$ cat model.cif   # mmCIF, N, CA, C and O atoms
data_structure
loop_
_atom_site.label_atom_id
_atom_site.label_comp_id
_atom_site.auth_asym_id
_atom_site.auth_seq_id
_atom_site.Cartn_x
_atom_site.Cartn_y
_atom_site.Cartn_z
N MET B 20 103.03 43.42 95.27
CA MET B 20 104.26 42.66 95.40
C MET B 20 103.94 41.18 95.27
O MET B 20 102.83 40.76 95.55
N ILE B 21 104.92 40.43 94.84
CA ILE B 21 104.75 38.99 94.65
C ILE B 21 105.58 38.24 95.68
O ILE B 21 106.77 38.51 95.87
N VAL B 22 104.93 37.30 96.37
CA VAL B 22 105.61 36.40 97.30
C VAL B 22 105.29 34.98 96.86
O VAL B 22 104.39 34.76 96.05
N SER B 23 106.00 34.02 97.40
CA SER B 23 105.73 32.62 97.11
C SER B 23 105.09 32.00 98.35
O SER B 23 105.64 32.09 99.45
N VAL B 24 103.92 31.39 98.17
CA VAL B 24 103.21 30.74 99.28
C VAL B 24 103.07 29.26 98.92
O VAL B 24 102.38 28.92 97.95
N ASN B 25 103.76 28.42 99.67
CA ASN B 25 103.76 26.98 99.41
C ASN B 25 104.11 26.68 97.95
O ASN B 25 103.50 25.84 97.30
N GLY B 26 105.08 27.43 97.43
CA GLY B 26 105.58 27.20 96.09
C GLY B 26 104.79 27.87 94.98
O GLY B 26 105.14 27.74 93.81
N GLU B 27 103.74 28.58 95.31
CA GLU B 27 102.91 29.24 94.31
C GLU B 27 103.02 30.76 94.45
O GLU B 27 102.98 31.29 95.56
N PRO B 28 103.14 31.50 93.34
CA PRO B 28 103.19 32.95 93.44
C PRO B 28 101.87 33.52 93.92
O PRO B 28 100.79 33.03 93.57
N LYS B 29 101.96 34.54 94.77
CA LYS B 29 100.77 35.19 95.32
C LYS B 29 101.01 36.69 95.32
O LYS B 29 102.04 37.16 95.79
N GLU B 30 100.09 37.45 94.75
CA GLU B 30 100.21 38.90 94.73
C GLU B 30 99.54 39.48 95.96
O GLU B 30 98.40 39.14 96.28
N LEU B 31 100.29 40.33 96.67
CA LEU B 31 99.79 40.98 97.88
C LEU B 31 100.00 42.48 97.78
O LEU B 31 100.88 42.95 97.05
N THR B 32 99.24 43.22 98.56
CA THR B 32 99.43 44.66 98.65
C THR B 32 100.73 44.94 99.38
O THR B 32 101.01 44.31 100.40
N PRO B 33 101.55 45.86 98.87
CA PRO B 33 102.78 46.22 99.60
C PRO B 33 102.46 46.61 101.05
O PRO B 33 101.46 47.26 101.31
N GLY B 34 103.28 46.16 101.97
CA GLY B 34 103.06 46.42 103.39
C GLY B 34 102.23 45.35 104.08
O GLY B 34 101.97 45.45 105.28
N SER B 35 101.81 44.33 103.35
CA SER B 35 101.03 43.25 103.95
C SER B 35 101.85 42.51 105.00
O SER B 35 103.06 42.39 104.89
N THR B 36 101.15 42.02 106.00
CA THR B 36 101.78 41.25 107.07
C THR B 36 101.41 39.78 106.94
O THR B 36 100.54 39.41 106.14
N VAL B 37 102.03 38.96 107.77
CA VAL B 37 101.67 37.54 107.81
C VAL B 37 100.19 37.40 108.16
O VAL B 37 99.47 36.61 107.56
N ALA B 38 99.71 38.21 109.11
CA ALA B 38 98.29 38.15 109.49
C ALA B 38 97.39 38.50 108.31
O ALA B 38 96.34 37.87 108.11
N ASP B 39 97.78 39.50 107.51
CA ASP B 39 97.00 39.86 106.33
C ASP B 39 96.94 38.70 105.34
O ASP B 39 95.89 38.41 104.77
N LEU B 40 98.07 38.04 105.14
CA LEU B 40 98.12 36.89 104.23
C LEU B 40 97.19 35.79 104.71
O LEU B 40 96.41 35.24 103.94
N LEU B 41 97.25 35.47 105.99
CA LEU B 41 96.39 34.41 106.53
C LEU B 41 94.92 34.77 106.39
O LEU B 41 94.10 33.91 106.06
N ALA B 42 94.58 36.03 106.60
CA ALA B 42 93.19 36.46 106.44
C ALA B 42 92.75 36.30 104.98
O ALA B 42 91.64 35.84 104.70
N GLU B 43 93.63 36.67 104.05
CA GLU B 43 93.30 36.55 102.63
C GLU B 43 93.12 35.08 102.23
O GLU B 43 92.30 34.75 101.39
N LEU B 44 93.92 34.21 102.85
CA LEU B 44 93.81 32.78 102.57
C LEU B 44 92.70 32.11 103.36
O LEU B 44 92.44 30.92 103.20
N ASP B 45 92.02 32.89 104.23
CA ASP B 45 90.93 32.39 105.09
C ASP B 45 91.40 31.22 105.97
O ASP B 45 90.76 30.18 106.03
N ILE B 46 92.56 31.43 106.61
CA ILE B 46 93.14 30.42 107.49
C ILE B 46 93.03 30.89 108.94
O ILE B 46 93.39 32.02 109.26
N ARG B 47 92.53 30.01 109.81
CA ARG B 47 92.41 30.33 111.23
C ARG B 47 93.79 30.30 111.89
O ARG B 47 94.53 29.34 111.76
N VAL B 48 94.10 31.37 112.59
CA VAL B 48 95.43 31.56 113.17
C VAL B 48 95.79 30.48 114.18
O VAL B 48 96.94 30.07 114.26
N LYS B 49 94.85 29.98 114.94
CA LYS B 49 95.16 29.00 115.99
C LYS B 49 95.70 27.69 115.44
O LYS B 49 96.37 26.96 116.14
N HIS B 50 95.41 27.40 114.20
CA HIS B 50 95.75 26.09 113.65
C HIS B 50 96.72 26.17 112.48
O HIS B 50 96.57 25.44 111.51
N VAL B 51 97.71 27.06 112.58
CA VAL B 51 98.61 27.25 111.45
C VAL B 51 100.03 27.54 111.94
O VAL B 51 100.23 28.11 113.01
N ALA B 52 100.99 27.09 111.16
CA ALA B 52 102.39 27.45 111.37
C ALA B 52 102.86 28.13 110.09
O ALA B 52 102.52 27.71 108.99
N VAL B 53 103.62 29.21 110.26
CA VAL B 53 104.11 29.97 109.11
C VAL B 53 105.63 30.06 109.18
O VAL B 53 106.19 30.43 110.21
N GLU B 54 106.25 29.73 108.06
CA GLU B 54 107.70 29.86 107.93
C GLU B 54 107.95 30.90 106.85
O GLU B 54 107.39 30.81 105.76
N ARG B 55 108.78 31.89 107.17
CA ARG B 55 109.14 32.94 106.21
C ARG B 55 110.63 32.86 105.95
O ARG B 55 111.44 33.03 106.87
N ASN B 56 111.00 32.60 104.73
CA ASN B 56 112.41 32.49 104.35
C ASN B 56 113.17 31.55 105.28
O ASN B 56 114.24 31.86 105.79
N LYS B 57 112.56 30.39 105.52
CA LYS B 57 113.12 29.29 106.32
C LYS B 57 113.24 29.58 107.81
O LYS B 57 113.96 28.90 108.53
N GLU B 58 112.50 30.59 108.30
CA GLU B 58 112.45 30.87 109.74
C GLU B 58 110.99 30.92 110.18
O GLU B 58 110.17 31.60 109.56
N VAL B 59 110.68 30.21 111.26
CA VAL B 59 109.31 30.19 111.77
C VAL B 59 108.95 31.57 112.32
O VAL B 59 109.74 32.19 113.02
N VAL B 60 107.76 32.02 111.97
CA VAL B 60 107.25 33.29 112.50
C VAL B 60 106.31 32.94 113.65
O VAL B 60 105.26 32.33 113.44
N PRO B 61 106.68 33.31 114.89
CA PRO B 61 105.81 33.02 116.03
C PRO B 61 104.42 33.66 115.84
O PRO B 61 104.30 34.76 115.30
N ARG B 62 103.39 32.97 116.29
CA ARG B 62 102.02 33.45 116.14
C ARG B 62 101.85 34.86 116.70
O ARG B 62 101.16 35.69 116.11
N ALA B 63 102.51 35.16 117.81
CA ALA B 63 102.40 36.49 118.42
C ALA B 63 102.98 37.59 117.54
O ALA B 63 102.67 38.77 117.75
N GLU B 64 103.78 37.21 116.53
CA GLU B 64 104.40 38.20 115.66
C GLU B 64 103.76 38.30 114.28
O GLU B 64 104.21 39.07 113.43
N HIS B 65 102.69 37.55 114.03
CA HIS B 65 102.05 37.55 112.70
C HIS B 65 101.61 38.96 112.29
O HIS B 65 101.82 39.35 111.14
N ALA B 66 100.99 39.70 113.19
CA ALA B 66 100.46 41.02 112.84
C ALA B 66 101.56 42.04 112.63
O ALA B 66 101.37 43.02 111.90
N ALA B 67 102.72 41.84 113.22
CA ALA B 67 103.82 42.80 113.12
C ALA B 67 104.84 42.45 112.05
O ALA B 67 105.70 43.27 111.72
N THR B 68 104.76 41.25 111.49
CA THR B 68 105.76 40.80 110.52
C THR B 68 105.34 41.18 109.11
O THR B 68 104.46 40.55 108.52
N GLN B 69 105.97 42.23 108.58
CA GLN B 69 105.67 42.67 107.22
C GLN B 69 106.39 41.79 106.21
O GLN B 69 107.53 41.39 106.43
N LEU B 70 105.69 41.52 105.13
CA LEU B 70 106.26 40.71 104.06
C LEU B 70 106.91 41.62 103.03
O LEU B 70 106.57 42.79 102.92
N ALA B 71 107.86 41.06 102.30
CA ALA B 71 108.59 41.81 101.28
C ALA B 71 108.57 41.06 99.96
O ALA B 71 108.40 39.84 99.93
N GLU B 72 108.73 41.80 98.89
CA GLU B 72 108.81 41.22 97.55
C GLU B 72 109.79 40.05 97.55
O GLU B 72 110.91 40.16 98.05
N GLY B 73 109.34 38.91 97.01
CA GLY B 73 110.21 37.76 96.87
C GLY B 73 110.29 36.85 98.09
O GLY B 73 110.98 35.84 98.04
N ASP B 74 109.59 37.19 99.19
CA ASP B 74 109.61 36.30 100.36
C ASP B 74 109.08 34.93 99.98
O ASP B 74 108.17 34.80 99.15
N ASN B 75 109.66 33.90 100.58
CA ASN B 75 109.18 32.53 100.42
C ASN B 75 108.52 32.10 101.71
O ASN B 75 109.15 32.08 102.76
N LEU B 76 107.23 31.77 101.62
CA LEU B 76 106.46 31.39 102.78
C LEU B 76 105.94 29.97 102.65
O LEU B 76 105.53 29.55 101.58
N GLU B 77 105.98 29.27 103.76
CA GLU B 77 105.34 27.97 103.85
C GLU B 77 104.28 28.09 104.93
O GLU B 77 104.57 28.50 106.06
N VAL B 78 103.06 27.79 104.57
CA VAL B 78 101.93 27.87 105.50
C VAL B 78 101.40 26.46 105.67
O VAL B 78 101.01 25.80 104.71
N VAL B 79 101.42 25.99 106.92
CA VAL B 79 101.02 24.62 107.22
C VAL B 79 99.89 24.67 108.23
O VAL B 79 100.04 25.24 109.32
N THR B 80 98.77 24.07 107.89
CA THR B 80 97.67 23.97 108.85
C THR B 80 97.84 22.71 109.68
O THR B 80 98.28 21.67 109.17
N LEU B 81 97.56 22.82 110.95
CA LEU B 81 97.73 21.72 111.87
C LEU B 81 96.42 20.98 112.04
O LEU B 81 95.37 21.59 112.22
N VAL B 82 96.48 19.66 111.97
CA VAL B 82 95.30 18.83 112.09
C VAL B 82 95.53 17.81 113.18
O VAL B 82 96.56 17.12 113.20
N GLY B 83 94.61 17.72 114.11
CA GLY B 83 94.72 16.72 115.18
C GLY B 83 93.90 15.49 114.84
O GLY B 83 93.07 15.50 113.94
N GLY B 84 94.14 14.47 115.56
CA GLY B 84 93.36 13.26 115.31
C GLY B 84 94.13 12.03 115.75
O GLY B 84 95.25 12.12 116.23
N GLY B 85 93.53 10.92 115.53
CA GLY B 85 94.20 9.71 116.00
C GLY B 85 94.01 8.55 115.12
O GLY B 85 93.79 8.38 114.04
#
$ encode --input "model.cif" --output "structure tokens"
Amino acid sequence: MIVSVNGEPKELTPGSTVADLLAELDIRVKHVAVERNKEVVPRAEHAATQLAEGDNLEVVTLVGGG
């Protein structure tokens, strides 16, 4: 299936979850915010949130500093 990640098409296995996507992108869960179809997906729901063909995702890594 094809989803959009930060405006770029990404092919995923059907049934993939937000957690699967983050693992494939090699992103650490503690430092990321994920929006699926303009709704934030809480970190506690990443493993249970299945993605669907055509989903639009925004993945933002959080950086601290001063």
$ resolve_selection --input "model.cif" --expression "the PyMOL selection byres ((chain B and resi 37-51) around 5)" --output "list in words"
Ser35, Thr36, Ala52, Val53, His65, Ala66, Thr68, Val79, Thr80 and Leu81 of chain B
$ residues_around --input "model.cif" --residues "segment 70-72 of chain B" --least-positions-apart "4" --cutoff "7 Å" --atoms "only N, CA, C and O atoms" --output "list in words"
Met20, Ile21, Val22, Ser23, Thr32, Pro33, Gly34, Ser35, Thr36 and Val37 of chain B
$ select_by_dssp --input "model.cif" --residues "chain B" --states "alpha helix (DSSP H)" --output "list of chain:residue names"
B:Val37, B:Ala38, B:Asp39, B:Leu40, B:Leu41, B:Ala42, B:Glu43
$ select_by_dssp --input "model.cif" --residues "chain B" --states "strand (DSSP E or B)" --output "PyMOL selection string"
chain B and resi 21-24+27-30+36+51-55+58-60+69+75-80
$ write_last_selection --input "model.cif" --atoms "N, CA, C and O atoms" --output "compact mmCIF listing (two decimals), in the coordinates of the input"
# COMPACT_ATOMS: atom_id res chain seq x y z
N ILE B 21 104.92 40.43 94.84
CA ILE B 21 104.75 38.99 94.65
C ILE B 21 105.58 38.24 95.68
O ILE B 21 106.77 38.51 95.87
N VAL B 22 104.93 37.30 96.37
CA VAL B 22 105.61 36.40 97.30
C VAL B 22 105.29 34.98 96.86
O VAL B 22 104.39 34.76 96.05
N SER B 23 106.00 34.02 97.40
CA SER B 23 105.73 32.62 97.11
C SER B 23 105.09 32.00 98.35
O SER B 23 105.64 32.09 99.45
N VAL B 24 103.92 31.39 98.17
CA VAL B 24 103.21 30.74 99.28
C VAL B 24 103.07 29.26 98.92
O VAL B 24 102.38 28.92 97.95
N GLU B 27 103.74 28.58 95.31
CA GLU B 27 102.91 29.24 94.31
C GLU B 27 103.02 30.76 94.45
O GLU B 27 102.98 31.29 95.56
N PRO B 28 103.14 31.50 93.34
CA PRO B 28 103.19 32.95 93.44
C PRO B 28 101.87 33.52 93.92
O PRO B 28 100.79 33.03 93.57
N LYS B 29 101.96 34.54 94.77
CA LYS B 29 100.77 35.19 95.32
C LYS B 29 101.01 36.69 95.32
O LYS B 29 102.04 37.16 95.79
N GLU B 30 100.09 37.45 94.75
CA GLU B 30 100.21 38.90 94.73
C GLU B 30 99.54 39.48 95.96
O GLU B 30 98.40 39.14 96.28
N THR B 36 101.15 42.02 106.00
CA THR B 36 101.78 41.25 107.07
C THR B 36 101.41 39.78 106.94
O THR B 36 100.54 39.41 106.14
N VAL B 51 97.71 27.06 112.58
CA VAL B 51 98.61 27.25 111.45
C VAL B 51 100.03 27.54 111.94
O VAL B 51 100.23 28.11 113.01
N ALA B 52 100.99 27.09 111.16
CA ALA B 52 102.39 27.45 111.37
C ALA B 52 102.86 28.13 110.09
O ALA B 52 102.52 27.71 108.99
N VAL B 53 103.62 29.21 110.26
CA VAL B 53 104.11 29.97 109.11
C VAL B 53 105.63 30.06 109.18
O VAL B 53 106.19 30.43 110.21
N GLU B 54 106.25 29.73 108.06
CA GLU B 54 107.70 29.86 107.93
C GLU B 54 107.95 30.90 106.85
O GLU B 54 107.39 30.81 105.76
N ARG B 55 108.78 31.89 107.17
CA ARG B 55 109.14 32.94 106.21
C ARG B 55 110.63 32.86 105.95
O ARG B 55 111.44 33.03 106.87
N GLU B 58 112.50 30.59 108.30
CA GLU B 58 112.45 30.87 109.74
C GLU B 58 110.99 30.92 110.18
O GLU B 58 110.17 31.60 109.56
N VAL B 59 110.68 30.21 111.26
CA VAL B 59 109.31 30.19 111.77
C VAL B 59 108.95 31.57 112.32
O VAL B 59 109.74 32.19 113.02
N VAL B 60 107.76 32.02 111.97
CA VAL B 60 107.25 33.29 112.50
C VAL B 60 106.31 32.94 113.65
O VAL B 60 105.26 32.33 113.44
N GLN B 69 105.97 42.23 108.58
CA GLN B 69 105.67 42.67 107.22
C GLN B 69 106.39 41.79 106.21
O GLN B 69 107.53 41.39 106.43
N ASN B 75 109.66 33.90 100.58
CA ASN B 75 109.18 32.53 100.42
C ASN B 75 108.52 32.10 101.71
O ASN B 75 109.15 32.08 102.76
N LEU B 76 107.23 31.77 101.62
CA LEU B 76 106.46 31.39 102.78
C LEU B 76 105.94 29.97 102.65
O LEU B 76 105.53 29.55 101.58
N GLU B 77 105.98 29.27 103.76
CA GLU B 77 105.34 27.97 103.85
C GLU B 77 104.28 28.09 104.93
O GLU B 77 104.57 28.50 106.06
N VAL B 78 103.06 27.79 104.57
CA VAL B 78 101.93 27.87 105.50
C VAL B 78 101.40 26.46 105.67
O VAL B 78 101.01 25.80 104.71
N VAL B 79 101.42 25.99 106.92
CA VAL B 79 101.02 24.62 107.22
C VAL B 79 99.89 24.67 108.23
O VAL B 79 100.04 25.24 109.32
N THR B 80 98.77 24.07 107.89
CA THR B 80 97.67 23.97 108.85
C THR B 80 97.84 22.71 109.68
O THR B 80 98.28 21.67 109.17
$ atom_distance --input "model.cif" --atom1 "atom N of Glu54 of chain B" --atom2 "atom O of Glu27 of chain B"
13.0 Å
$ atom_distance --input "model.cif" --atom1 "atom CA of Asn75 of chain B" --atom2 "atom CA of Asn56 of chain B"
5.1 Å
$ atom_distance --input "model.cif" --atom1 "atom O of Lys29 of chain B" --atom2 "atom CA of Gly83 of chain B"
29.1 Å
$ residues_near_point --input "model.cif" --point "(102.2, 23.7, 98.9)" --cutoff "8 Å" --atoms "all atoms listed in the file" --output "PyMOL selection string"
chain B and resi 24-27+76-78
$ decode --input "model.cif" --residues "chain B" --atoms "C-alpha atoms" --output "CSV table (one decimal), in the first residue's frame"
chain,number,residue,atom,x,y,z
B,20,MET,CA,0.0,0.0,0.0
B,21,ILE,CA,1.1,3.6,-0.6
B,22,VAL,CA,0.9,6.3,2.1
B,23,SER,CA,2.3,9.8,2.1
B,24,VAL,CA,5.0,10.6,4.7
B,25,ASN,CA,5.9,14.2,5.0
B,26,GLY,CA,4.7,14.7,1.4
B,27,GLU,CA,6.6,11.8,-0.1
B,28,PRO,CA,5.0,8.5,-1.2
B,29,LYS,CA,6.1,5.5,0.8
B,30,GLU,CA,5.2,1.9,0.1
B,31,LEU,CA,4.3,-0.2,3.2
B,32,THR,CA,3.1,-3.7,3.8
B,33,PRO,CA,-0.7,-3.8,4.1
B,34,GLY,CA,-1.6,-3.9,7.8
B,35,SER,CA,1.4,-1.8,8.9
B,36,THR,CA,1.0,0.3,12.0
B,37,VAL,CA,2.5,3.7,12.9
B,38,ALA,CA,5.0,1.8,15.0
B,39,ASP,CA,6.0,-0.3,12.0
B,40,LEU,CA,6.5,2.9,9.9
B,41,LEU,CA,8.7,4.5,12.6
B,42,ALA,CA,10.8,1.4,12.8
B,43,GLU,CA,11.2,1.3,9.0
B,44,LEU,CA,12.3,5.0,9.1
B,45,ASP,CA,14.6,4.2,12.0
B,46,ILE,CA,13.0,6.9,14.2
B,47,ARG,CA,13.2,6.7,18.0
B,48,VAL,CA,9.6,6.7,19.5
B,49,LYS,CA,10.5,9.0,22.4
B,50,HIS,CA,11.4,11.9,20.2
B,51,VAL,CA,8.7,12.0,17.6
B,52,ALA,CA,5.2,13.3,17.0
B,53,VAL,CA,3.0,11.6,14.3
B,54,GLU,CA,-0.1,13.1,12.7
B,55,ARG,CA,-2.3,10.9,10.6
B,56,ASN,CA,-4.8,12.6,8.3
B,57,LYS,CA,-4.5,15.8,10.4
B,58,GLU,CA,-5.0,14.1,13.7
B,59,VAL,CA,-2.2,13.5,16.2
B,60,VAL,CA,-1.7,9.8,17.0
B,61,PRO,CA,-0.8,9.5,20.7
B,62,ARG,CA,2.5,7.6,21.4
B,63,ALA,CA,0.6,4.9,23.4
B,64,GLU,CA,-1.5,4.2,20.3
B,65,HIS,CA,1.4,3.8,17.7
B,66,ALA,CA,1.5,0.0,17.9
B,67,ALA,CA,-2.3,-0.3,17.6
B,68,THR,CA,-2.9,2.3,14.8
B,69,GLN,CA,-3.1,0.5,11.5
B,70,LEU,CA,-2.4,2.6,8.4
B,71,ALA,CA,-4.5,2.5,5.3
B,72,GLU,CA,-3.9,3.1,1.6
B,73,GLY,CA,-3.7,6.9,0.9
B,74,ASP,CA,-3.1,7.9,4.5
B,75,ASN,CA,-1.3,11.3,4.9
B,76,LEU,CA,1.3,11.2,7.7
B,77,GLU,CA,3.4,13.9,9.1
B,78,VAL,CA,6.3,12.7,11.2
B,79,VAL,CA,8.2,15.3,13.2
B,80,THR,CA,11.2,14.6,15.3
B,81,LEU,CA,11.6,16.7,18.4
B,82,VAL,CA,14.9,18.4,19.2
B,83,GLY,CA,15.7,20.1,22.4
B,84,GLY,CA,18.3,22.8,22.9
B,85,GLY,CA,18.8,26.4,23.7
